[in-house]
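Coordinates as given in protein-v7.cif (mmCIF, C-alpha atoms):
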data_input
#
loop_
_atom_site.label_atom_id
_atom_site.label_comp_id
_atom_site.auth_asym_id
_atom_site.auth_seq_id
_atom_site.Cartn_x
_atom_site.Cartn_y
_atom_site.Cartn_z
CA MET A 1 114.15 68.53 120.09
CA THR A 2 113.67 68.70 123.86
CA MET A 3 110.35 69.55 125.47
CA ALA A 4 111.86 72.81 126.77
CA ASN A 5 112.96 73.84 123.30
CA SER A 6 109.56 72.93 121.90
CA ALA A 7 107.81 75.08 124.50
CA SER A 8 110.16 77.97 123.78
CA GLN A 9 109.50 77.59 120.08
CA ASP A 10 105.74 77.61 120.62
CA HIS A 11 106.09 80.83 122.63
CA ARG A 12 107.97 82.51 119.79
CA THR A 13 105.48 81.56 117.12
CA THR A 14 102.06 81.71 118.77
CA GLU A 15 102.19 84.70 121.10
CA ILE A 16 102.26 87.33 118.37
CA THR A 17 100.57 90.38 119.86
CA HIS A 18 100.35 94.06 119.04
CA LEU A 19 102.67 94.76 121.97
CA ARG A 20 105.30 92.33 120.70
CA VAL A 21 105.13 93.87 117.23
CA LEU A 22 105.52 97.35 118.69
CA LYS A 23 108.52 96.27 120.80
CA ILE A 24 110.23 95.14 117.59
CA ALA A 25 109.06 97.99 115.38
CA VAL A 26 109.25 101.13 117.51
CA PRO A 27 113.06 101.10 118.01
CA VAL A 28 113.45 100.56 114.26
CA VAL A 29 111.06 103.42 113.45
CA LEU A 30 112.90 105.72 115.84
CA SER A 31 116.32 104.72 114.51
CA ASN A 32 115.25 104.93 110.89
CA ALA A 33 113.87 108.40 111.51
CA THR A 34 117.50 109.50 111.74
CA VAL A 35 118.28 108.11 108.27
CA PRO A 36 116.07 110.43 106.19
CA LEU A 37 116.95 113.14 108.70
CA LEU A 38 120.56 112.57 107.70
CA GLY A 39 119.65 112.97 104.03
CA VAL A 40 117.69 116.09 104.88
CA VAL A 41 120.66 117.53 106.79
CA ASP A 42 123.11 116.63 104.01
CA THR A 43 120.88 118.41 101.53
CA ALA A 44 120.07 121.32 103.85
CA VAL A 45 123.70 121.96 104.80
CA VAL A 46 124.92 122.20 101.21
CA GLY A 47 121.68 124.03 100.39
CA GLN A 48 122.88 126.85 102.61
CA LEU A 49 125.63 127.49 100.07
CA GLY A 50 122.90 129.10 97.96
CA ALA A 51 123.55 127.24 94.69
CA ALA A 52 121.93 124.29 92.96
CA ALA A 53 125.17 122.52 91.91
CA PRO A 54 126.29 121.38 95.41
CA VAL A 55 122.79 120.03 96.16
CA GLY A 56 122.79 118.22 92.83
CA ALA A 57 126.27 116.82 93.45
CA VAL A 58 125.27 115.33 96.80
CA ALA A 59 122.10 113.98 95.15
CA VAL A 60 123.97 112.27 92.31
CA GLY A 61 126.86 111.08 94.47
CA ALA A 62 124.62 109.75 97.22
CA VAL A 63 122.32 107.89 94.85
CA ILE A 64 125.28 106.25 93.09
CA LEU A 65 126.85 105.04 96.33
CA THR A 66 123.54 104.11 97.91
CA SER A 67 122.78 102.06 94.83
CA LEU A 68 126.17 100.34 94.86
CA PHE A 69 125.97 99.58 98.57
CA TRP A 70 122.33 98.55 98.55
CA VAL A 71 123.05 96.04 95.82
CA PHE A 72 124.38 94.15 98.83
CA GLY A 73 121.26 94.87 100.84
CA PHE A 74 120.49 91.19 100.38
CA LEU A 75 122.89 90.67 103.26
CA ARG A 76 120.51 92.38 105.66
CA MET A 77 117.28 91.08 104.19
CA GLY A 78 118.44 87.52 103.60
CA THR A 79 120.04 87.37 107.03
CA VAL A 80 116.80 88.30 108.80
CA GLY A 81 114.90 85.54 107.03
CA LEU A 82 117.57 82.88 107.48
CA VAL A 83 118.39 83.73 111.11
CA SER A 84 114.75 84.04 112.19
CA GLN A 85 113.96 80.67 110.60
CA ALA A 86 116.99 79.12 112.34
CA ILE A 87 115.65 80.56 115.61
CA GLY A 88 112.26 79.02 114.87
CA ARG A 89 114.02 75.65 114.43
CA SER A 90 116.14 76.22 117.60
CA GLU A 91 119.41 75.89 115.64
CA ASP A 92 121.75 78.06 117.73
CA ALA A 93 124.93 76.99 115.95
CA GLU A 94 123.51 78.06 112.60
CA VAL A 95 122.48 81.43 114.03
CA THR A 96 126.09 82.11 115.05
CA ALA A 97 127.52 80.75 111.80
CA LEU A 98 125.34 83.16 109.83
CA LEU A 99 126.99 86.11 111.58
CA THR A 100 130.44 84.94 110.50
CA ARG A 101 129.25 84.45 106.92
CA CYS A 102 127.85 87.98 106.89
CA LEU A 103 131.12 89.53 108.06
CA LEU A 104 133.14 87.61 105.47
CA ILE A 105 130.81 88.58 102.64
CA GLY A 106 130.67 92.23 103.72
CA GLY A 107 134.42 92.64 103.98
CA PHE A 108 135.10 90.99 100.63
CA ALA A 109 132.37 92.88 98.76
CA GLY A 110 133.51 96.23 100.17
CA CYS A 111 137.11 95.65 99.08
CA VAL A 112 135.94 94.76 95.57
CA LEU A 113 134.02 98.05 95.29
CA ILE A 114 137.06 100.02 96.43
CA ALA A 115 139.24 98.26 93.85
CA LEU A 116 136.74 98.99 91.05
CA GLN A 117 135.86 102.56 92.04
CA VAL A 118 137.37 104.32 89.00
CA PRO A 119 135.44 102.45 86.27
CA LEU A 120 132.30 102.29 88.40
CA PHE A 121 132.20 106.05 89.02
CA TRP A 122 133.10 106.87 85.44
CA ALA A 123 130.25 104.72 84.12
CA ALA A 124 127.73 106.02 86.67
CA LEU A 125 128.49 109.69 85.98
CA ALA A 126 128.48 109.07 82.25
CA LEU A 127 124.99 107.65 82.55
CA ALA A 128 123.79 110.49 84.79
CA GLN A 129 125.12 113.19 82.44
CA PRO A 130 124.99 115.99 85.06
CA SER A 131 126.25 119.48 84.36
CA PRO A 132 130.04 119.96 84.50
CA ALA A 133 129.82 121.66 87.90
CA VAL A 134 127.78 118.82 89.39
CA HIS A 135 130.04 116.19 87.75
CA THR A 136 133.22 117.55 89.36
CA LEU A 137 131.76 117.89 92.84
CA ALA A 138 130.03 114.49 92.69
CA ASN A 139 133.26 112.74 91.66
CA ASP A 140 135.08 114.24 94.65
CA TYR A 141 132.28 113.11 96.97
CA LEU A 142 132.36 109.55 95.60
CA SER A 143 136.15 109.23 95.86
CA ILE A 144 135.98 109.92 99.59
CA ARG A 145 132.91 107.95 100.62
CA ILE A 146 133.79 104.72 98.80
CA TRP A 147 136.33 103.87 101.53
CA SER A 148 133.52 103.04 103.94
CA ALA A 149 132.24 100.24 101.68
CA PRO A 150 133.43 97.25 103.80
CA ALA A 151 131.93 98.76 106.96
CA VAL A 152 128.60 99.62 105.36
CA ILE A 153 128.06 96.24 103.71
CA ALA A 154 129.14 94.20 106.73
CA LEU A 155 126.84 96.30 108.92
CA TYR A 156 123.90 95.23 106.75
CA GLY A 157 124.54 91.67 107.88
CA ILE A 158 125.03 92.66 111.52
CA SER A 159 121.76 94.61 111.47
CA GLY A 160 119.84 91.68 110.00
CA TRP A 161 121.34 89.32 112.57
CA LEU A 162 120.25 91.56 115.45
CA ILE A 163 116.78 92.26 114.06
CA ALA A 164 116.04 88.54 113.56
CA GLN A 165 116.64 88.06 117.29
CA GLU A 166 114.25 90.95 118.09
CA ARG A 167 117.23 92.98 119.35
CA THR A 168 115.99 96.13 117.70
CA ARG A 169 117.09 98.34 120.60
CA ALA A 170 120.68 97.54 119.66
CA PHE A 171 119.85 98.37 116.04
CA PHE A 172 118.40 101.67 117.28
CA VAL A 173 121.57 102.59 119.16
CA ILE A 174 123.76 101.79 116.15
CA GLN A 175 121.67 103.94 113.85
CA LEU A 176 121.34 106.76 116.37
CA VAL A 177 125.07 106.95 117.06
CA THR A 178 126.05 106.58 113.39
CA ASN A 179 123.62 109.13 112.01
CA GLY A 180 123.95 111.48 114.96
CA THR A 181 127.71 111.54 114.48
CA ASN A 182 127.25 112.12 110.78
CA ILE A 183 124.89 115.05 111.33
CA LEU A 184 127.19 116.74 113.85
CA LEU A 185 130.19 116.31 111.57
CA ASP A 186 128.14 117.68 108.64
CA PHE A 187 127.65 120.99 110.42
CA TRP A 188 131.25 121.13 111.61
CA PHE A 189 132.93 120.17 108.33
CA VAL A 190 130.66 122.10 105.94
CA LEU A 191 129.50 125.18 107.84
CA GLY A 192 132.35 125.36 110.37
CA LEU A 193 135.41 124.39 108.34
CA GLY A 194 134.01 125.32 104.91
CA LEU A 195 134.80 121.94 103.31
CA GLY A 196 131.66 122.01 101.14
CA VAL A 197 130.59 118.77 99.45
CA ASN A 198 133.81 117.05 100.55
CA GLY A 199 132.89 117.81 104.14
CA VAL A 200 129.62 115.90 103.74
CA ALA A 201 131.55 112.92 102.36
CA PHE A 202 134.15 112.89 105.15
CA ALA A 203 131.43 113.14 107.80
CA THR A 204 129.69 110.08 106.40
CA LEU A 205 132.92 108.09 106.03
CA ILE A 206 133.86 108.56 109.68
CA ALA A 207 130.35 107.87 110.96
CA GLU A 208 129.94 104.64 108.97
CA TRP A 209 133.14 103.07 110.28
CA GLY A 210 132.11 104.06 113.81
CA GLY A 211 128.74 102.38 113.32
CA PHE A 212 130.39 99.17 112.18
CA ALA A 213 132.61 99.08 115.27
CA LEU A 214 129.58 99.59 117.51
CA GLY A 215 127.73 96.81 115.70
CA LEU A 216 130.55 94.37 116.40
CA TRP A 217 130.39 95.31 120.06
CA PHE A 218 126.67 94.45 120.19
CA CYS A 219 127.47 91.05 118.66
CA ARG A 220 130.22 90.34 121.18
CA GLY A 221 128.20 87.55 122.84
CA ALA A 222 128.55 85.44 119.70
CA PHE A 223 132.34 85.74 119.83
CA TYR A 224 132.53 84.36 123.38
CA SER A 225 131.62 80.98 121.90
CA SER A 226 133.79 78.99 119.53
CA ALA A 227 130.78 78.50 117.23
CA TRP A 228 131.55 81.67 115.26
CA ARG A 229 134.81 80.12 114.03
CA ASN A 230 133.50 76.57 113.62
CA TRP A 231 134.43 76.46 109.96
CA ALA A 232 132.71 73.13 109.36
CA GLN A 233 129.42 74.84 110.31
CA VAL A 234 130.22 78.19 108.70
CA LEU A 235 131.16 76.52 105.39
CA LYS A 236 128.49 73.82 105.51
CA THR A 237 127.57 73.11 101.90
CA SER A 238 123.79 72.89 102.26
CA ALA A 239 123.63 76.09 104.33
CA LEU A 240 125.85 77.96 101.88
CA ARG A 241 123.75 76.77 98.96
CA ASN A 242 120.53 77.92 100.62
CA MET A 243 122.08 81.27 101.54
CA ALA A 244 123.35 81.72 97.98
CA ILE A 245 119.93 81.03 96.47
CA VAL A 246 118.14 83.40 98.84
CA ASN A 247 120.73 86.15 98.50
CA THR A 248 120.98 85.86 94.72
CA ASP A 249 117.24 86.33 94.35
CA ILE A 250 117.33 89.33 96.69
CA LEU A 251 120.38 90.71 94.89
CA ILE A 252 118.56 90.62 91.55
CA ARG A 253 115.49 92.16 93.20
CA SER A 254 117.66 94.92 94.72
CA LEU A 255 119.36 95.62 91.40
CA LEU A 256 115.99 96.01 89.74
CA LEU A 257 114.74 98.31 92.51
CA GLN A 258 117.86 100.44 92.30
CA LEU A 259 117.46 100.59 88.54
CA VAL A 260 114.18 102.38 89.15
CA PHE A 261 115.59 104.93 91.60
CA VAL A 262 118.84 105.51 89.74
CA SER A 263 117.03 106.04 86.46
CA PHE A 264 114.63 108.39 88.26
CA THR A 265 117.55 110.58 89.40
CA PHE A 266 119.37 110.36 86.09
CA LEU A 267 116.27 111.27 84.10
CA ALA A 268 115.81 114.30 86.34
CA ALA A 269 119.49 115.24 85.89
CA ARG A 270 118.99 115.31 82.11
CA GLN A 271 116.36 118.02 82.48
CA ASP A 272 118.16 120.74 84.48
CA ASP A 273 119.89 121.34 87.81
CA VAL A 274 116.83 122.95 89.40
CA THR A 275 114.60 119.96 88.60
CA LEU A 276 117.29 117.58 89.83
CA ALA A 277 117.64 119.49 93.12
CA ALA A 278 113.85 119.72 93.62
CA ASN A 279 113.40 116.00 92.99
CA GLN A 280 116.24 115.22 95.41
CA ILE A 281 114.53 117.16 98.18
CA LEU A 282 111.22 115.41 97.54
CA VAL A 283 112.83 111.98 97.35
CA GLN A 284 114.35 112.59 100.78
CA LEU A 285 110.86 113.28 102.09
CA MET A 286 109.56 110.12 100.43
CA PHE A 287 112.26 108.07 102.12
CA ILE A 288 110.77 109.17 105.44
CA THR A 289 107.79 106.98 104.55
CA ALA A 290 109.94 103.99 103.64
CA TYR A 291 111.96 104.24 106.83
CA GLY A 292 108.83 104.69 108.93
CA MET A 293 107.38 101.56 107.37
CA ASP A 294 110.61 99.62 107.88
CA GLY A 295 109.91 99.10 111.57
CA PHE A 296 106.79 97.08 110.86
CA ALA A 297 108.27 95.45 107.76
CA PHE A 298 111.20 94.30 109.92
CA ALA A 299 108.74 92.99 112.50
CA ALA A 300 107.04 91.05 109.71
CA GLU A 301 110.38 89.64 108.54
CA THR A 302 111.27 88.45 112.03
CA LEU A 303 107.90 87.03 113.09
CA VAL A 304 107.01 85.49 109.72
CA GLY A 305 110.49 83.95 109.55
CA GLN A 306 110.16 82.40 113.00
CA ALA A 307 106.70 81.09 112.09
CA VAL A 308 108.01 79.50 108.90
CA GLY A 309 110.96 77.98 110.76
CA ALA A 310 108.60 76.52 113.36
CA ARG A 311 106.11 75.41 110.66
CA ALA A 312 103.27 77.43 112.19
CA ARG A 313 100.79 78.62 109.56
CA ALA A 314 98.49 80.41 112.00
CA ALA A 315 101.42 82.42 113.39
CA LEU A 316 102.46 83.37 109.84
CA ARG A 317 99.00 84.78 109.10
CA ARG A 318 98.75 86.60 112.42
CA ALA A 319 102.19 88.16 111.96
CA ALA A 320 101.22 89.35 108.48
CA ILE A 321 97.92 90.84 109.64
CA ILE A 322 99.11 92.65 112.77
CA THR A 323 102.20 94.15 111.17
CA SER A 324 100.17 95.28 108.16
CA ILE A 325 97.61 97.02 110.36
CA TRP A 326 100.36 99.08 111.94
CA GLY A 327 101.93 99.71 108.54
CA ALA A 328 98.64 101.21 107.34
CA VAL A 329 98.55 103.53 110.36
CA VAL A 330 102.05 104.75 109.51
CA VAL A 331 101.39 105.53 105.84
CA LEU A 332 98.16 107.38 106.56
CA SER A 333 99.85 109.47 109.23
CA ILE A 334 102.80 110.38 107.03
CA ALA A 335 100.56 111.32 104.09
CA VAL A 336 98.68 113.76 106.34
CA VAL A 337 101.93 115.28 107.61
CA PHE A 338 103.22 115.81 104.07
CA ALA A 339 99.93 117.37 102.97
CA LEU A 340 99.93 119.82 105.87
CA PHE A 341 103.61 120.62 106.37
CA GLY A 342 105.26 119.77 103.03
CA PRO A 343 105.99 123.40 102.04
CA LEU A 344 107.63 124.10 105.41
CA LEU A 345 109.82 121.01 105.06
CA ILE A 346 110.90 122.09 101.58
CA ASP A 347 111.81 125.58 102.77
CA ALA A 348 113.88 124.12 105.61
CA MET A 349 115.93 122.07 103.17
CA THR A 350 117.03 124.76 100.72
CA THR A 351 117.36 128.52 100.42
CA ALA A 352 117.38 128.45 96.59
CA VAL A 353 114.13 130.14 95.53
CA GLN A 354 113.81 128.32 92.19
CA VAL A 355 114.33 124.95 93.82
CA ARG A 356 111.69 125.73 96.46
CA GLU A 357 109.15 126.71 93.82
CA MET A 358 109.85 123.64 91.71
CA ALA A 359 109.57 121.28 94.69
CA ARG A 360 106.18 122.74 95.64
CA VAL A 361 104.84 121.93 92.18
CA PHE A 362 105.57 118.22 92.62
CA LEU A 363 104.73 117.94 96.33
CA PRO A 364 101.37 116.16 95.68
CA TYR A 365 103.27 113.10 94.44
CA ILE A 366 104.97 112.81 97.83
CA VAL A 367 101.58 112.91 99.55
CA LEU A 368 100.42 110.03 97.35
CA ALA A 369 103.63 107.98 97.63
CA PRO A 370 102.97 106.46 101.09
CA LEU A 371 99.36 105.65 100.23
CA LEU A 372 100.28 103.92 96.98
CA GLY A 373 103.53 102.31 98.11
CA GLY A 374 102.64 101.07 101.60
CA ALA A 375 101.39 97.65 100.51
CA SER A 376 104.54 96.89 98.54
CA TRP A 377 106.80 97.76 101.48
CA MET A 378 104.86 95.57 103.92
CA LEU A 379 104.67 92.63 101.51
CA ASP A 380 108.44 92.87 101.00
CA GLY A 381 108.86 92.24 104.73
CA ILE A 382 106.47 89.29 104.73
CA PHE A 383 108.14 87.63 101.73
CA ILE A 384 111.66 88.23 103.11
CA GLY A 385 110.74 86.54 106.38
CA ALA A 386 109.36 83.56 104.48
CA THR A 387 112.46 83.62 102.22
CA ALA A 388 110.06 83.52 99.27
CA THR A 389 112.71 85.40 97.38
CA ARG A 390 112.00 84.01 93.92
CA ASP A 391 108.54 85.58 93.99
CA MET A 392 110.03 88.89 95.18
CA ARG A 393 112.53 88.80 92.33
CA ASN A 394 109.95 87.99 89.69
CA MET A 395 107.36 90.52 90.82
CA MET A 396 109.99 93.24 90.99
CA GLY A 397 110.87 92.42 87.40
CA VAL A 398 107.25 92.89 86.40
CA SER A 399 107.04 96.26 88.18
CA VAL A 400 110.27 97.48 86.53
CA VAL A 401 108.87 96.68 83.09
CA ILE A 402 105.70 98.57 83.97
CA TYR A 403 107.78 101.51 85.27
CA GLY A 404 109.86 101.62 82.10
CA ALA A 405 106.81 101.52 79.86
CA SER A 406 105.09 104.21 81.91
CA ALA A 407 108.16 106.46 81.85
CA ALA A 408 108.58 106.03 78.10
CA LEU A 409 104.95 106.98 77.49
CA LEU A 410 104.50 109.75 80.07
CA ILE A 411 107.79 111.69 80.21
CA PRO A 412 107.76 112.90 76.58
CA VAL A 413 104.25 114.29 77.15
CA PHE A 414 104.25 115.42 80.78
CA GLY A 415 107.96 115.90 81.58
CA ASN A 416 108.80 115.64 85.28
CA HIS A 417 105.13 114.99 86.10
CA GLY A 418 105.36 111.90 83.92
CA LEU A 419 108.53 110.79 85.70
CA TRP A 420 106.85 111.00 89.11
CA ALA A 421 103.72 109.25 87.84
CA ALA A 422 105.82 106.37 86.48
CA LEU A 423 107.52 105.94 89.86
CA LEU A 424 104.20 105.76 91.71
CA ILE A 425 102.79 103.35 89.14
CA SER A 426 105.75 101.03 89.82
CA PHE A 427 104.89 101.06 93.55
CA VAL A 428 101.32 100.01 92.84
CA ALA A 429 102.44 97.30 90.41
CA ARG A 430 104.75 95.76 92.99
CA GLY A 431 102.10 95.75 95.69
CA VAL A 432 99.44 94.19 93.46
CA THR A 433 101.68 91.47 92.07
CA LEU A 434 103.07 90.47 95.48
CA SER A 435 99.58 90.38 97.03
CA MET A 436 98.56 87.90 94.34
CA LYS A 437 101.39 85.62 95.50
CA TYR A 438 100.66 85.80 99.25
CA PRO A 439 98.11 82.92 99.37
CA GLN A 440 100.88 80.65 98.11
CA LEU A 441 102.89 81.36 101.29
CA GLU A 442 100.09 80.05 103.46
CA ARG A 443 99.62 77.00 101.26
CA GLN A 444 103.33 76.23 101.63
CA ALA A 445 103.01 76.62 105.42
CA ASP A 446 100.16 74.08 105.36
CA LYS A 447 102.48 71.60 103.65
CA LEU A 448 105.21 72.25 106.18
CA GLU A 449 102.87 71.60 109.08
CA GLY A 450 102.28 68.14 107.75
CA VAL A 451 106.00 67.30 107.53
#

So, in terms of structure tokens, how does the structure I just supplied come out?
Amino acid sequence: MTMANSASQDHRTTEITHLRVLKIAVPVVLSNATVPLLGVVDTAVVGQLGAAAPVGAVAVGAVILTSLFWVFGFLRMGTVGLVSQAIGRSEDAEVTALLTRCLLIGGFAGCVLIALQVPLFWAALALAQPSPAVHTLANDYLSIRIWSAPAVIALYGISGWLIAQERTRAFFVIQLVTNGTNILLDFWFVLGLGLGVNGVAFATLIAEWGGFALGLWFCRGAFYSSAWRNWAQVLKTSALRNMAIVNTDILIRSLLLQLVFVSFTFLAARQDDVTLAANQILVQLMFITAYGMDGFAFAAETLVGQAVGARARAALRRAAIITSIWGAVVVLSIAVVFALFGPLLIDAMTTAVQVREMARVFLPYIVLAPLLGGASWMLDGIFIGATATRDMRNMMGVSVVIYGASAALLIPVFGNHGLWAALLISFVARGVTLSMKYPQLERQADKLEGV
């Protein structure tokens, strides 16, 4: 390593300030604000139809596809950790090779989902057991949106690649254009052209392919070099093995997390359409918290990853502390907003009186969600950056078991209250178990410093 590279590396891993964290996080927070807004608009637009079934159909269809796509969320999370660590080691060729690997994986995985759509949707809807009206509309929605699978999954990798390089402004533009296009098309297709639930699906399909194209444009610098098609580097055995281990752990972790959210929606669907619709509206509000936290979790991924790559224990700790401070500010702020303005947000999302009343009953759980789940979201970012994915996988498994036990005990007695309580308990379990593993990250950094 040259002296210049060493100095550059020191700059990346020691000068971790509040301003640097904010420069990474704020564009992500702003861009992610459009994601729950998109869910709110999807729900609100079909909510104007004045019936519970279209809202329920979008809820069931969206959660099925989100779950299928986010199974491959490892591509974003694993890419941030691997790329940021390669940056910390000043391995430019590996940084570029990781982009090519992401595009290959995304394209292949998306095509597999398209090929398997019939059995996948049949099984998912059979598990959900929605009403006949919701079943028909949800199946139509799924059959349209599945064709964006290659774009969505590949864009996970592109996003992780950009975030690891602290290029979050590019990430912001991609999200803003994609979700802004989706929202505009929602209003046109559903309220203007009267396409109903299918209009929501077509709007999302078009927007997601547009976002992928824009992402490729932001990565164009990598394609000016021949490194992106250096197949000896791209297919390097040791790098592929490491990527496979990291991504497999994250895949299992993501499957377990989606099991929680899918079962939450399905258990609500087995009660009645009004409860399903009310829970969907509240879940969209809860996702506002997760997306608000993502900015600082992403900052943790990037800065912790660079610190681990550079073998800098002090930088790892500082990155964890500063990003967590800002994460705490976010969750407290969002909890206050939900407590004060929750009823107004509910009313804006649906005109169905029964759904509004039901959602108000369970609003307190959404106020508690950011307070109880904030630690788990921040620790996810820290562990992803360190690529301590085995611990993430194992602790998620523990929290799923706790969620299942809580749901089994509480739902028969308290109904939907028990379902919400079980979800919040799973958040706490994940935060506590991951926090117990954090000291091990610093001990491993100590060992690395001595290498």

Task: Result set, the PyMOL selection byres ((chain A and resi 206) around 10) on current file, as a PyMOL selection string - done: chain A and resi 145+147-148+178+181-182+185+201-205+207-211

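Relative to CA of Phe266 (chain A), CA of Leu127 (chain A) is found at 7.2 Å.
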
Open item on the list: Evaluated on this file, the PyMOL selection byres ((chain A and resi 419) around 9) picks out some residues - which ones are they, written as a ChimeraX atom specification?
Closed with: /A:264,267-268,406-408,410-411,414-418,420-424

Step by step, work through what the PyMOL selection byres ((chain A and resi 173) around 10) selects in the shown file, and finish by giving those residues as a PDB file with C-alpha atoms, in the frame of the given file.
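The resulting selection_39.pdb:
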ATOM      1  CA  PRO A  27     113.060 101.100 118.010  1.00  0.00           C
ATOM      2  CA  VAL A  28     113.450 100.560 114.260  1.00  0.00           C
ATOM      3  CA  LEU A  30     112.900 105.720 115.840  1.00  0.00           C
ATOM      4  CA  SER A  31     116.320 104.720 114.510  1.00  0.00           C
ATOM      5  CA  THR A 168     115.990  96.130 117.700  1.00  0.00           C
ATOM      6  CA  ARG A 169     117.090  98.340 120.600  1.00  0.00           C
ATOM      7  CA  ALA A 170     120.680  97.540 119.660  1.00  0.00           C
ATOM      8  CA  PHE A 171     119.850  98.370 116.040  1.00  0.00           C
ATOM      9  CA  PHE A 172     118.400 101.670 117.280  1.00  0.00           C
ATOM     10  CA  ILE A 174     123.760 101.790 116.150  1.00  0.00           C
ATOM     11  CA  GLN A 175     121.670 103.940 113.850  1.00  0.00           C
ATOM     12  CA  LEU A 176     121.340 106.760 116.370  1.00  0.00           C
ATOM     13  CA  VAL A 177     125.070 106.950 117.060  1.00  0.00           C
ATOM     14  CA  THR A 178     126.050 106.580 113.390  1.00  0.00           C
ATOM     15  CA  ASN A 179     123.620 109.130 112.010  1.00  0.00           C
ATOM     16  CA  GLY A 211     128.740 102.380 113.320  1.00  0.00           C
ATOM     17  CA  LEU A 214     129.580  99.590 117.510  1.00  0.00           C
ATOM     18  CA  GLY A 215     127.730  96.810 115.700  1.00  0.00           C
ATOM     19  CA  PHE A 218     126.670  94.450 120.190  1.00  0.00           C
TER      20      PHE A 218
END

Open item on the list: Residues near Ile325 (chain A), anyone? I mean within 12 Å using only C-alpha atoms, not counting same-chain ones fewer than 2 positions away, as a list in words.
Closed with: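 Neighbouring residues, sequence-local ones excluded: Thr17, His18, Val21, Leu22, Met293, Phe296, Ala297, Ala300, Arg318, Ala319, Ala320, Ile321, Ile322, Thr323, Gly327, Ala328, Val329, Val330, Val331, Leu332, Gly374, Ala375 and Met378 of chain A.
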
TODO: Excluding Gln233 (chain A) and any residue of its chain fewer than 6 positions from it, enumerate the residues within 12 Å of it, using only C-alpha atoms, and give them as a ChimeraX atom specification.
DONE: /A:91-101,226-227,239-240

If you keep C-alpha atoms, can you produce a file of those selected residues as a short mmCIF file (atom, residue, chain, number, x, y, z; two decimals), in the frame of the given file?
data_model
loop_
_atom_site.label_atom_id
_atom_site.label_comp_id
_atom_site.auth_asym_id
_atom_site.auth_seq_id
_atom_site.Cartn_x
_atom_site.Cartn_y
_atom_site.Cartn_z
CA GLU A 91 119.41 75.89 115.64
CA ASP A 92 121.75 78.06 117.73
CA ALA A 93 124.93 76.99 115.95
CA GLU A 94 123.51 78.06 112.60
CA VAL A 95 122.48 81.43 114.03
CA THR A 96 126.09 82.11 115.05
CA ALA A 97 127.52 80.75 111.80
CA LEU A 98 125.34 83.16 109.83
CA LEU A 99 126.99 86.11 111.58
CA THR A 100 130.44 84.94 110.50
CA ARG A 101 129.25 84.45 106.92
CA SER A 226 133.79 78.99 119.53
CA ALA A 227 130.78 78.50 117.23
CA ALA A 239 123.63 76.09 104.33
CA LEU A 240 125.85 77.96 101.88
#

Open item on the list: Using Å and a single decimal, report how far CA of Ala314 (chain A) sits from CA of Glu442 (chain A).
Closed with: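 Calculated distance between CA of Glu442 (chain A) and CA of Ala314 (chain A) is 8.7 Å.
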
Open item on the list: Just the number, please: distance in Å from CA of Arg253 (chain A) to CA of Asp380 (chain A), one decimal.
Closed with: 10.5 Å

Task: Counting all atoms listed in the file, the option among A:Ala138, A:Met77, A:Val262, A:Ala232 closest to Trp161 (chain A) - done: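 Checking each candidate against Trp161 (chain A), we get A:Met77 as the closest.
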
Open item on the list: Could you check the closest approach to Leu104 (chain A) for each of A:Leu409, A:Ile153, A:Val398, A:Ile382 and tell me which residue wins, using only C-alpha atoms?
Closed with: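 For Leu104 (chain A), the nearest of the given residues is A:Ile153.
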
- [ ] Find the residue from A:Ile146, A:Val41, A:Val413, A:Ile252 that sits nearest to Leu68 (chain A); use only C-alpha atoms when measuring.
- [x]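 With only C-alpha atoms as the atom set, the closest residue is A:Ile146.
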
Open item on the list: Just checking: using all atoms listed in the file, which residue out of A:Val260, A:Leu162, A:Val197, A:Ile250 ends up closest to Thr389 (chain A)?
Closed with: A:Ile250

Open item on the list: I'd like to know which of A:Val83, A:Leu441, A:Ala123, A:Leu303 is closest to Ile24 (chain A), using only C-alpha atoms.
Closed with: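 Closest residue, counting only C-alpha atoms: A:Leu303.
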
Open item on the list: Given all atoms listed in the file as the basis, pick out the residue of A:Ala278, A:Met395, A:Ile158, A:Ile366 nearest to Val337 (chain A).
Closed with: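 The shortest atom-to-atom distance to Val337 (chain A) comes from A:Ile366.
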
Task: Nearby residues (all atoms listed in the file) at most 8 Å from Val71 (chain A), same-chain spacing under 5 positions excluded, as JSON, numbers by chain - done: {"A": [251, 254, 255, 258]}

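Around Tyr141 (chain A), within 8 Å and counting only C-alpha atoms, the residues found are A:Ala57, A:Val58, A:Gly61, A:Val197, A:Asn198, A:Val200, A:Ala201, once anything fewer than 5 positions away on its own chain is removed.
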
File of the preceding selection, C-alpha atoms, as a CSV table (one decimal), in the coordinates of the input:
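And here's result28.csv as it stands now:
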chain,number,residue,atom,x,y,z
A,57,ALA,CA,126.3,116.8,93.4
A,58,VAL,CA,125.3,115.3,96.8
A,61,GLY,CA,126.9,111.1,94.5
A,197,VAL,CA,130.6,118.8,99.4
A,198,ASN,CA,133.8,117.0,100.6
A,200,VAL,CA,129.6,115.9,103.7
A,201,ALA,CA,131.6,112.9,102.4
